[in-house]
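Data file: target24.cif. Format and content: mmCIF, C-alpha atoms.
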```
data_run
loop_
_atom_site.label_atom_id
_atom_site.label_comp_id
_atom_site.auth_asym_id
_atom_site.auth_seq_id
_atom_site.Cartn_x
_atom_site.Cartn_y
_atom_site.Cartn_z
CA MET A 16 -10.12 217.48 141.49
CA ILE A 17 -10.86 214.12 143.11
CA THR A 18 -14.47 213.14 142.40
CA SER A 19 -14.44 209.33 142.62
CA LEU A 20 -15.41 207.76 145.94
CA THR A 21 -13.26 204.74 145.04
CA ASN A 22 -10.11 206.75 144.30
CA ASP A 23 -6.97 205.20 145.87
CA THR A 24 -6.28 208.39 147.84
CA VAL A 25 -9.81 208.30 149.25
CA LYS A 26 -9.30 204.69 150.32
CA TYR A 27 -5.97 205.62 151.94
CA VAL A 28 -7.45 208.45 153.99
CA GLU A 29 -10.41 206.31 155.02
CA LYS A 30 -8.06 203.62 156.26
CA LEU A 31 -6.07 206.18 158.24
CA LYS A 32 -9.29 207.43 159.77
CA LYS A 33 -10.53 204.00 160.82
CA LYS A 34 -7.49 201.88 161.73
CA ALA A 35 -5.09 202.68 164.57
CA SER A 36 -2.64 200.02 163.35
CA PHE A 37 -2.49 201.65 159.92
CA ARG A 38 -1.95 205.08 161.49
CA ARG A 39 1.02 203.69 163.42
CA GLU A 40 2.35 201.94 160.31
CA GLU A 41 2.15 205.12 158.23
CA GLY A 42 3.09 207.51 161.03
CA CYS A 43 0.20 209.74 160.02
CA PHE A 44 -3.26 210.73 161.17
CA VAL A 45 -6.19 212.85 159.98
CA VAL A 46 -7.38 216.26 161.18
CA GLU A 47 -10.41 218.26 160.09
CA GLY A 48 -11.55 221.87 160.14
CA ILE A 49 -9.83 225.19 159.75
CA ARG A 50 -8.98 225.60 163.43
CA MET A 51 -7.15 222.29 163.67
CA ILE A 52 -5.49 222.65 160.27
CA ARG A 53 -4.07 226.02 161.28
CA GLU A 54 -2.54 224.38 164.37
CA VAL A 55 -0.49 221.81 162.43
CA PRO A 56 3.26 222.57 162.52
CA GLU A 57 4.67 223.06 159.03
CA ALA A 58 7.10 220.14 159.32
CA GLU A 59 4.25 217.71 160.06
CA ARG A 60 2.03 218.65 157.09
CA LYS A 61 1.66 215.91 154.47
CA CYS A 62 -1.38 216.67 152.33
CA LEU A 63 -4.57 218.73 152.37
CA PHE A 64 -7.92 218.00 150.75
CA LEU A 65 -10.63 220.64 150.52
CA THR A 66 -13.66 221.59 148.51
CA GLU A 67 -13.60 224.44 146.02
CA ALA A 68 -15.90 226.42 148.31
CA ALA A 69 -13.49 226.00 151.23
CA LEU A 70 -10.54 227.04 149.09
CA ALA A 71 -12.42 230.15 147.97
CA GLU A 72 -13.09 231.03 151.62
CA TYR A 73 -9.52 230.31 152.74
CA PRO A 74 -7.30 230.99 149.70
CA GLU A 75 -4.17 230.96 151.87
CA LEU A 76 -4.55 227.18 152.18
CA GLU A 77 -3.52 226.77 148.55
CA HIS A 78 0.09 226.79 149.76
CA TRP A 79 -0.48 225.02 153.10
CA CYS A 80 1.82 222.15 152.08
CA ASP A 81 3.37 220.59 148.98
CA ARG A 82 0.24 218.60 148.14
CA VAL A 83 -3.07 220.46 148.19
CA GLU A 84 -5.96 218.92 146.25
CA THR A 85 -9.58 219.90 145.74
CA VAL A 86 -12.24 217.24 146.17
CA SER A 87 -15.94 217.10 145.44
CA GLU A 88 -18.48 217.57 148.23
CA PRO A 89 -19.43 213.84 148.19
CA VAL A 90 -15.77 212.83 148.53
CA LEU A 91 -15.25 215.24 151.43
CA ARG A 92 -18.33 213.85 153.18
CA LYS A 93 -17.01 210.31 152.72
CA LEU A 94 -13.61 211.24 154.15
CA SER A 95 -14.99 213.24 157.05
CA ASP A 96 -15.56 211.77 160.50
CA THR A 97 -18.12 214.43 161.44
CA GLU A 98 -21.82 214.85 160.66
CA THR A 99 -21.27 218.39 159.37
CA PRO A 100 -17.90 218.53 157.55
CA GLN A 101 -16.15 221.88 157.42
CA GLY A 102 -14.95 221.44 153.85
CA MET A 103 -11.36 220.49 154.55
CA LEU A 104 -9.30 217.60 155.85
CA ALA A 105 -5.55 217.06 156.19
CA VAL A 106 -3.20 214.13 156.62
CA VAL A 107 -0.42 215.02 159.04
CA ARG A 108 2.61 213.20 160.40
CA PHE A 109 2.99 212.07 163.99
CA LEU A 110 5.04 214.55 165.97
CA LYS A 111 8.57 213.32 166.61
CA GLU A 112 8.91 211.41 169.87
CA THR A 113 11.86 210.26 171.93
CA GLU A 114 11.90 206.70 173.13
CA THR A 115 12.85 206.79 176.80
CA ALA A 116 11.44 208.56 179.82
CA GLY A 117 14.73 210.21 180.69
CA ASP A 118 15.29 211.63 177.20
CA ARG A 119 11.74 212.72 176.36
CA GLU A 120 11.35 216.27 175.12
CA PRO A 121 9.16 218.30 177.48
CA SER A 122 6.14 220.31 176.45
CA PRO A 123 7.13 223.88 175.55
CA VAL A 124 4.83 225.20 178.28
CA SER A 125 6.55 223.03 180.92
CA SER A 126 10.11 224.24 180.26
CA GLY A 127 11.97 225.17 183.42
CA LYS A 128 9.40 223.53 185.71
CA ALA A 129 9.51 220.33 187.74
CA PRO A 130 8.30 217.46 185.53
CA LEU A 131 4.61 216.62 185.64
CA TYR A 132 3.29 213.58 183.76
CA LEU A 133 -0.27 212.37 183.22
CA ILE A 134 -0.25 208.59 182.76
CA LEU A 135 -3.47 207.04 181.43
CA ASP A 136 -4.05 203.38 182.19
CA GLY A 137 -6.67 201.80 179.95
CA LEU A 138 -8.85 204.87 179.32
CA GLN A 139 -11.35 203.87 176.64
CA ASP A 140 -13.37 206.99 176.03
CA PRO A 141 -11.88 209.22 173.31
CA GLY A 142 -13.41 212.30 174.91
CA ASN A 143 -11.70 211.56 178.22
CA VAL A 144 -8.33 211.03 176.56
CA GLY A 145 -8.66 214.21 174.52
CA THR A 146 -9.78 216.23 177.54
CA LEU A 147 -6.78 215.08 179.57
CA ILE A 148 -4.39 215.99 176.77
CA ARG A 149 -5.93 219.48 176.80
CA THR A 150 -5.63 219.61 180.58
CA ALA A 151 -1.97 218.60 180.30
CA GLU A 152 -1.19 221.72 178.31
CA ALA A 153 -3.30 223.92 180.57
CA VAL A 154 -1.34 222.89 183.68
CA GLY A 155 2.05 222.93 181.95
CA ALA A 156 2.53 219.15 182.01
CA THR A 157 5.65 217.58 180.55
CA ALA A 158 3.91 214.78 178.62
CA VAL A 159 0.98 212.39 178.50
CA LEU A 160 1.66 208.64 178.44
CA LEU A 161 -0.98 206.05 177.57
CA SER A 162 -1.10 202.31 178.03
CA LYS A 163 -1.43 200.25 174.88
CA GLY A 164 -5.06 199.45 175.76
CA SER A 165 -6.16 203.08 175.89
CA ALA A 166 -8.07 204.90 173.16
CA ASP A 167 -5.71 205.80 170.33
CA PRO A 168 -4.65 209.45 170.85
CA TYR A 169 -4.50 209.90 167.07
CA SER A 170 -8.05 208.72 166.38
CA PRO A 171 -10.28 211.40 164.86
CA LYS A 172 -12.46 211.74 167.98
CA VAL A 173 -9.50 212.16 170.34
CA VAL A 174 -7.76 214.59 167.99
CA ARG A 175 -10.90 216.74 167.76
CA SER A 176 -11.38 216.83 171.51
CA THR A 177 -7.80 217.99 172.10
CA MET A 178 -8.66 221.23 170.25
CA GLY A 179 -5.12 221.48 168.87
CA THR A 180 -3.12 220.57 171.98
CA ILE A 181 -2.16 217.25 170.34
CA PHE A 182 0.37 219.35 168.38
CA ARG A 183 1.89 220.97 171.46
CA VAL A 184 1.99 218.35 174.22
CA PRO A 185 4.18 215.24 173.83
CA VAL A 186 1.87 212.20 173.76
CA ARG A 187 3.04 208.61 173.56
CA VAL A 188 1.48 205.15 173.66
CA VAL A 189 3.64 202.85 175.80
CA GLU A 190 3.97 199.12 175.17
CA ASP A 191 4.99 198.25 178.75
CA LEU A 192 3.50 200.88 181.05
CA PRO A 193 4.82 199.51 184.39
CA ALA A 194 8.37 199.41 182.97
CA GLU A 195 8.00 202.99 181.69
CA ILE A 196 6.79 204.12 185.10
CA GLU A 197 9.76 202.48 186.79
CA ALA A 198 12.06 204.28 184.34
CA LEU A 199 10.44 207.59 185.30
CA LYS A 200 10.92 206.84 188.99
CA LYS A 201 14.64 206.34 188.42
CA THR A 202 14.80 209.95 187.17
CA GLY A 203 13.42 211.18 190.50
CA VAL A 204 9.72 211.37 189.61
CA ILE A 205 7.30 210.56 192.46
CA VAL A 206 4.35 208.56 191.15
CA TYR A 207 0.89 209.11 192.60
CA GLY A 208 -1.99 206.80 191.75
CA THR A 209 -5.57 208.07 191.86
CA HIS A 210 -7.39 205.39 193.83
CA LEU A 211 -10.47 205.09 196.05
CA SER A 212 -8.39 203.51 198.82
CA GLY A 213 -5.83 206.33 198.80
CA THR A 214 -5.31 209.20 201.24
CA ASP A 215 -6.63 212.74 200.77
CA PHE A 216 -4.69 214.15 197.84
CA TYR A 217 -5.02 217.73 199.14
CA GLN A 218 -2.52 216.77 201.84
CA ALA A 219 0.16 215.70 199.33
CA ASP A 220 3.11 217.85 198.30
CA LEU A 221 2.79 218.09 194.51
CA THR A 222 5.45 220.71 193.87
CA GLY A 223 8.28 218.36 192.89
CA PRO A 224 8.75 216.00 189.91
CA ILE A 225 5.55 213.93 189.85
CA ALA A 226 3.34 211.71 187.73
CA PHE A 227 -0.36 210.99 188.17
CA LEU A 228 -1.75 207.57 187.28
CA ILE A 229 -5.33 207.79 186.01
CA GLY A 230 -7.27 204.58 185.60
CA ASN A 231 -9.95 203.10 183.38
CA GLU A 232 -13.44 204.67 183.48
CA GLY A 233 -15.09 201.59 184.98
CA ASN A 234 -12.34 199.65 186.75
CA GLY A 235 -9.82 202.27 187.79
CA LEU A 236 -6.11 201.45 187.79
CA SER A 237 -5.03 197.93 186.96
CA GLU A 238 -3.37 196.12 189.85
CA GLU A 239 -0.06 195.98 188.00
CA VAL A 240 0.00 199.73 187.36
CA ALA A 241 -1.32 200.65 190.82
CA ALA A 242 1.53 198.64 192.34
CA THR A 243 4.06 201.00 190.74
CA ALA A 244 2.70 204.03 192.62
CA ASP A 245 4.76 205.51 195.44
CA ARG A 246 1.51 206.63 197.03
CA LEU A 247 -2.21 206.30 196.33
CA LEU A 248 -4.33 209.44 196.52
CA ARG A 249 -8.09 209.91 196.72
CA ILE A 250 -10.19 212.92 195.82
CA PRO A 251 -12.50 213.62 198.80
CA MET A 252 -16.20 213.47 197.92
CA GLU A 253 -19.43 213.98 199.82
CA GLY A 254 -22.89 212.55 199.36
CA LYS A 255 -23.32 209.13 197.77
CA VAL A 256 -20.90 209.74 194.90
CA GLU A 257 -18.40 206.88 194.69
CA SER A 258 -16.18 208.17 191.93
CA LEU A 259 -15.72 210.93 189.36
CA ASN A 260 -15.37 210.75 185.60
CA ALA A 261 -11.79 209.85 184.66
CA ALA A 262 -11.17 213.12 182.84
CA VAL A 263 -12.62 215.09 185.76
CA SER A 264 -10.47 213.20 188.28
CA GLY A 265 -7.32 213.71 186.24
CA SER A 266 -8.07 217.39 185.77
CA VAL A 267 -8.77 217.95 189.48
CA VAL A 268 -5.48 216.46 190.64
CA ALA A 269 -3.52 218.10 187.84
CA TYR A 270 -4.91 221.51 188.76
CA GLU A 271 -4.09 221.02 192.43
CA ALA A 272 -0.49 220.39 191.35
CA TYR A 273 -0.68 223.55 189.23
CA ARG A 274 -2.07 225.53 192.15
CA GLN A 275 0.69 224.39 194.50
CA ARG A 276 3.38 225.11 191.92
CA THR A 277 2.16 228.61 191.15
CA GLN A 278 1.45 229.88 194.65
#
```
Hey, can you dump this file as structure tokens for me?
Amino acid sequence: MITSLTNDTVKYVEKLKKKASFRREEGCFVVEGIRMIREVPEAERKCLFLTEAALAEYPELEHWCDRVETVSEPVLRKLSDTETPQGMLAVVRFLKETETAGDREPSPVSSGKAPLYLILDGLQDPGNVGTLIRTAEAVGATAVLLSKGSADPYSPKVVRSTMGTIFRVPVRVVEDLPAEIEALKKTGVIVYGTHLSGTDFYQADLTGPIAFLIGNEGNGLSEEVAATADRLLRIPMEGKVESLNAAVSGSVVAYEAYRQRTQ
């Protein structure tokens, strides 16, 4: 059992939890709680840490992966990113990704459908990023792409808010987002940017291969990314509301595409 708060393994997990650069370097991230741990594909499991009480409640976790270790309650609290830890925490590997738009593996739920991408440009709020990853699975999206300046999709807060969809929807941080978008366009994908100066998106045909560009919570799409759009679309609104939350906007347009595709 690990009882020391200064144990090297404890320091390693803490660093994974706090530093996006270290997560990328190691190719690993942290998940907590029985629901999320049960979602992890077997091939991506690296190690599991849990209290004796948690192991007694879930004895099947003893063989969850090759390395399963018990830790003291104080150690678990130190490793946890939540106020009320659930007694278990795992280090898991990034899901395998392909490197180019044309070769990317689609989400299992999108197989056989016209491609649908959600592209996030500078979204800072982890809850928004996680919500849109969940939405991507719900509408059968092919993948979610994020600009380098967005919230890290493998941060603890984003991972929690995905509610397990991080393991089922291809997600990738892109170094050069405009170049990636242009690569998608060459494969026949029509790119729509959500923008206040756009036309009514309910009038757009969203049944073919498409991508939605969703901008930063405060500033919207960057000029460089907006310029890559084939067409700018706006969600109609009444009253004095000027804009919607980024996750709400992305979900609204994604579900209109879903509606059109399933009619």
>> At a cut-off of 8 Å, using all atoms listed in the file, what residues contact Thr214 (chain A)? Leave out same-chain residues fewer than 4 positions from it and give the result as a PyMOL selection string.
In response: chain A and resi 247-249
With C-alpha atoms retained, write the just-selected residues as an mmCIF file, in the coordinates of the input.
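The result, stored in part09.cif:
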```
data_model
loop_
_atom_site.group_PDB
_atom_site.id
_atom_site.type_symbol
_atom_site.label_atom_id
_atom_site.label_comp_id
_atom_site.auth_asym_id
_atom_site.auth_seq_id
_atom_site.Cartn_x
_atom_site.Cartn_y
_atom_site.Cartn_z
ATOM 1 C CA LEU A 247 -2.210 206.300 196.330
ATOM 2 C CA LEU A 248 -4.330 209.440 196.520
ATOM 3 C CA ARG A 249 -8.090 209.910 196.720
#
```
> What do you get, as a PyMOL selection string, if you spell out every residue that the PyMOL selection byres ((chain A and resi 189-205) around 10) selects here?
Replying inline: chain A and resi 114-117+129-132+134-136+160-165+186-188+206-207+221+223-228+239-246
> Care to translate the PyMOL selection byres ((chain A and resi 251) around 9) into actual residues of this file, as a PyMOL selection string?
Replying inline: chain A and resi 214-217+249-250+252-253
For those residues, write C-alpha atoms to a file as a PDB file, in the coordinates of the input.
```
ATOM      1  CA  THR A 214      -5.310 209.200 201.240  1.00  0.00           C
ATOM      2  CA  ASP A 215      -6.630 212.740 200.770  1.00  0.00           C
ATOM      3  CA  PHE A 216      -4.690 214.150 197.840  1.00  0.00           C
ATOM      4  CA  TYR A 217      -5.020 217.730 199.140  1.00  0.00           C
ATOM      5  CA  ARG A 249      -8.090 209.910 196.720  1.00  0.00           C
ATOM      6  CA  ILE A 250     -10.190 212.920 195.820  1.00  0.00           C
ATOM      7  CA  MET A 252     -16.200 213.470 197.920  1.00  0.00           C
ATOM      8  CA  GLU A 253     -19.430 213.980 199.820  1.00  0.00           C
TER       9      GLU A 253
END
```
> Suppose you want the space between CA of Ile49 (chain A) and CA of Asn22 (chain A); what is it in Å?
Replying inline: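 One can read the CA of Ile49 (chain A) to CA of Asn22 (chain A) distance as 24.1 Å.
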>> Here's a test: counting all atoms listed in the file, identify every protein, DNA and RNA residue with an atom at most 12 Å from (-5.2, 210.1, 144.6) in the file's coordinate frame, and state them as JSON, numbers by chain.
In response: {"A": [16, 17, 18, 19, 20, 21, 22, 23, 24, 25, 26, 27, 28, 62, 63, 64, 82, 83, 84, 85, 86, 90]}
>> Under the rule that only C-alpha atoms are counted, which of A:Val106, A:Ser36, A:Pro141, A:Ala158 is the nearest residue to Ser176 (chain A)?
In response: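 Ranking A:Val106, A:Ser36, A:Pro141, A:Ala158 by distance to Ser176 (chain A), first place goes to A:Pro141.
Look at Arg53 (chain A): the protein and nucleic acid residues within 10 Å of it, using all atoms listed in the file and passing over chain neighbours fewer than 6 places away, are Leu76, Trp79 and Gly179 of chain A.
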> Just so the selection is clear, what residues does the PyMOL selection byres ((chain A and resi 258) around 10) cover here, as a list in words?
Replying inline: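 Applied to this file, the PyMOL selection byres ((chain A and resi 258) around 10) selects His210, Leu211, Glu232, Gly233, Gly235, Arg249, Ile250, Pro251, Met252, Lys255, Val256, Glu257, Leu259, Asn260, Ala261, Val263 and Ser264 of chain A.
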> What gap, in Å, lies between CA of Gln278 (chain A) and CA of Thr157 (chain A)?
Replying inline: 19.2 Å
>> Could you tell me how far CA of Glu47 (chain A) sits from CA of Met103 (chain A), in Å to one decimal place?
In response: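 CA of Met103 (chain A) sits 6.0 Å away from CA of Glu47 (chain A).
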>> For a quick check of understanding, using all atoms listed in the file, which of A:Leu94, A:Leu110, A:Ala262, A:Ala71 has the smallest distance to Ala58 (chain A)?
In response: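 Of A:Leu94, A:Leu110, A:Ala262, A:Ala71, the one nearest Ala58 (chain A) is A:Leu110, counting all atoms listed in the file.
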> Contacts of Ser266 (chain A) at 12 Å or less, counting all atoms listed in the file, minus same-chain residues fewer than 2 places along, as a PyMOL selection string?
Replying inline: chain A and resi 133+143-154+156+209+227-229+250+259-264+268-274
Take the residues just selected and output them with C-alpha atoms as a PDB file, in the coordinates of the input.
```pdb
ATOM      1  CA  LEU A 133      -0.270 212.370 183.220  1.00  0.00           C
ATOM      2  CA  ASN A 143     -11.700 211.560 178.220  1.00  0.00           C
ATOM      3  CA  VAL A 144      -8.330 211.030 176.560  1.00  0.00           C
ATOM      4  CA  GLY A 145      -8.660 214.210 174.520  1.00  0.00           C
ATOM      5  CA  THR A 146      -9.780 216.230 177.540  1.00  0.00           C
ATOM      6  CA  LEU A 147      -6.780 215.080 179.570  1.00  0.00           C
ATOM      7  CA  ILE A 148      -4.390 215.990 176.770  1.00  0.00           C
ATOM      8  CA  ARG A 149      -5.930 219.480 176.800  1.00  0.00           C
ATOM      9  CA  THR A 150      -5.630 219.610 180.580  1.00  0.00           C
ATOM     10  CA  ALA A 151      -1.970 218.600 180.300  1.00  0.00           C
ATOM     11  CA  GLU A 152      -1.190 221.720 178.310  1.00  0.00           C
ATOM     12  CA  ALA A 153      -3.300 223.920 180.570  1.00  0.00           C
ATOM     13  CA  VAL A 154      -1.340 222.890 183.680  1.00  0.00           C
ATOM     14  CA  ALA A 156       2.530 219.150 182.010  1.00  0.00           C
ATOM     15  CA  THR A 209      -5.570 208.070 191.860  1.00  0.00           C
ATOM     16  CA  PHE A 227      -0.360 210.990 188.170  1.00  0.00           C
ATOM     17  CA  LEU A 228      -1.750 207.570 187.280  1.00  0.00           C
ATOM     18  CA  ILE A 229      -5.330 207.790 186.010  1.00  0.00           C
ATOM     19  CA  ILE A 250     -10.190 212.920 195.820  1.00  0.00           C
ATOM     20  CA  LEU A 259     -15.720 210.930 189.360  1.00  0.00           C
ATOM     21  CA  ASN A 260     -15.370 210.750 185.600  1.00  0.00           C
ATOM     22  CA  ALA A 261     -11.790 209.850 184.660  1.00  0.00           C
ATOM     23  CA  ALA A 262     -11.170 213.120 182.840  1.00  0.00           C
ATOM     24  CA  VAL A 263     -12.620 215.090 185.760  1.00  0.00           C
ATOM     25  CA  SER A 264     -10.470 213.200 188.280  1.00  0.00           C
ATOM     26  CA  VAL A 268      -5.480 216.460 190.640  1.00  0.00           C
ATOM     27  CA  ALA A 269      -3.520 218.100 187.840  1.00  0.00           C
ATOM     28  CA  TYR A 270      -4.910 221.510 188.760  1.00  0.00           C
ATOM     29  CA  GLU A 271      -4.090 221.020 192.430  1.00  0.00           C
ATOM     30  CA  ALA A 272      -0.490 220.390 191.350  1.00  0.00           C
ATOM     31  CA  TYR A 273      -0.680 223.550 189.230  1.00  0.00           C
ATOM     32  CA  ARG A 274      -2.070 225.530 192.150  1.00  0.00           C
TER      33      ARG A 274
END
```
> Of the candidates A:Ala105, A:Ser87, A:Gln218, A:Pro74, which shows the shortest atom-to-atom distance to Ile52 (chain A), using all atoms listed in the file?
Replying inline: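 So, comparing all the options, the nearest one is A:Ala105.
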> Which residue out of A:Arg276, A:Gly142, A:Ala166, A:Gly230 has the minimum interatomic distance to Ala35 (chain A) when all atoms listed in the file are used?
Replying inline: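 Among the listed residues, A:Ala166 lies closest to Ala35 (chain A).
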> Counting only C-alpha atoms, what is within 7 Å of Arg60 (chain A), bar same-chain residues fewer than 3 positions away, as a PyMOL selection string?
Replying inline: chain A and resi 55-57+80+106-108
>> If we count all atoms listed in the file and set the cut-off at 12 Å, which residues sit around Glu72 (chain A), ignoring sequence neighbours fewer than 5 positions away in its own chain? Please answer as a ChimeraX atom specification.
In response: /A:49,65-67,77,101-103
Preceding selection exported with C-alpha atoms as a JSON list (two decimals), keeping the file's coordinate frame:
```json
[["chain", "number", "residue", "atom", "x", "y", "z"],
["A", 49, "ILE", "CA", -9.83, 225.19, 159.75],
["A", 65, "LEU", "CA", -10.63, 220.64, 150.52],
["A", 66, "THR", "CA", -13.66, 221.59, 148.51],
["A", 67, "GLU", "CA", -13.60, 224.44, 146.02],
["A", 77, "GLU", "CA", -3.52, 226.77, 148.55],
["A", 101, "GLN", "CA", -16.15, 221.88, 157.42],
["A", 102, "GLY", "CA", -14.95, 221.44, 153.85],
["A", 103, "MET", "CA", -11.36, 220.49, 154.55]]
```
> Restricting the calculation to all atoms listed in the file, which member of A:Glu238, A:Glu98, A:Glu75, A:Asp220 is positioned closest to Gln275 (chain A)?
Replying inline: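 Answer, going by the shortest atom-to-atom distance: A:Asp220.
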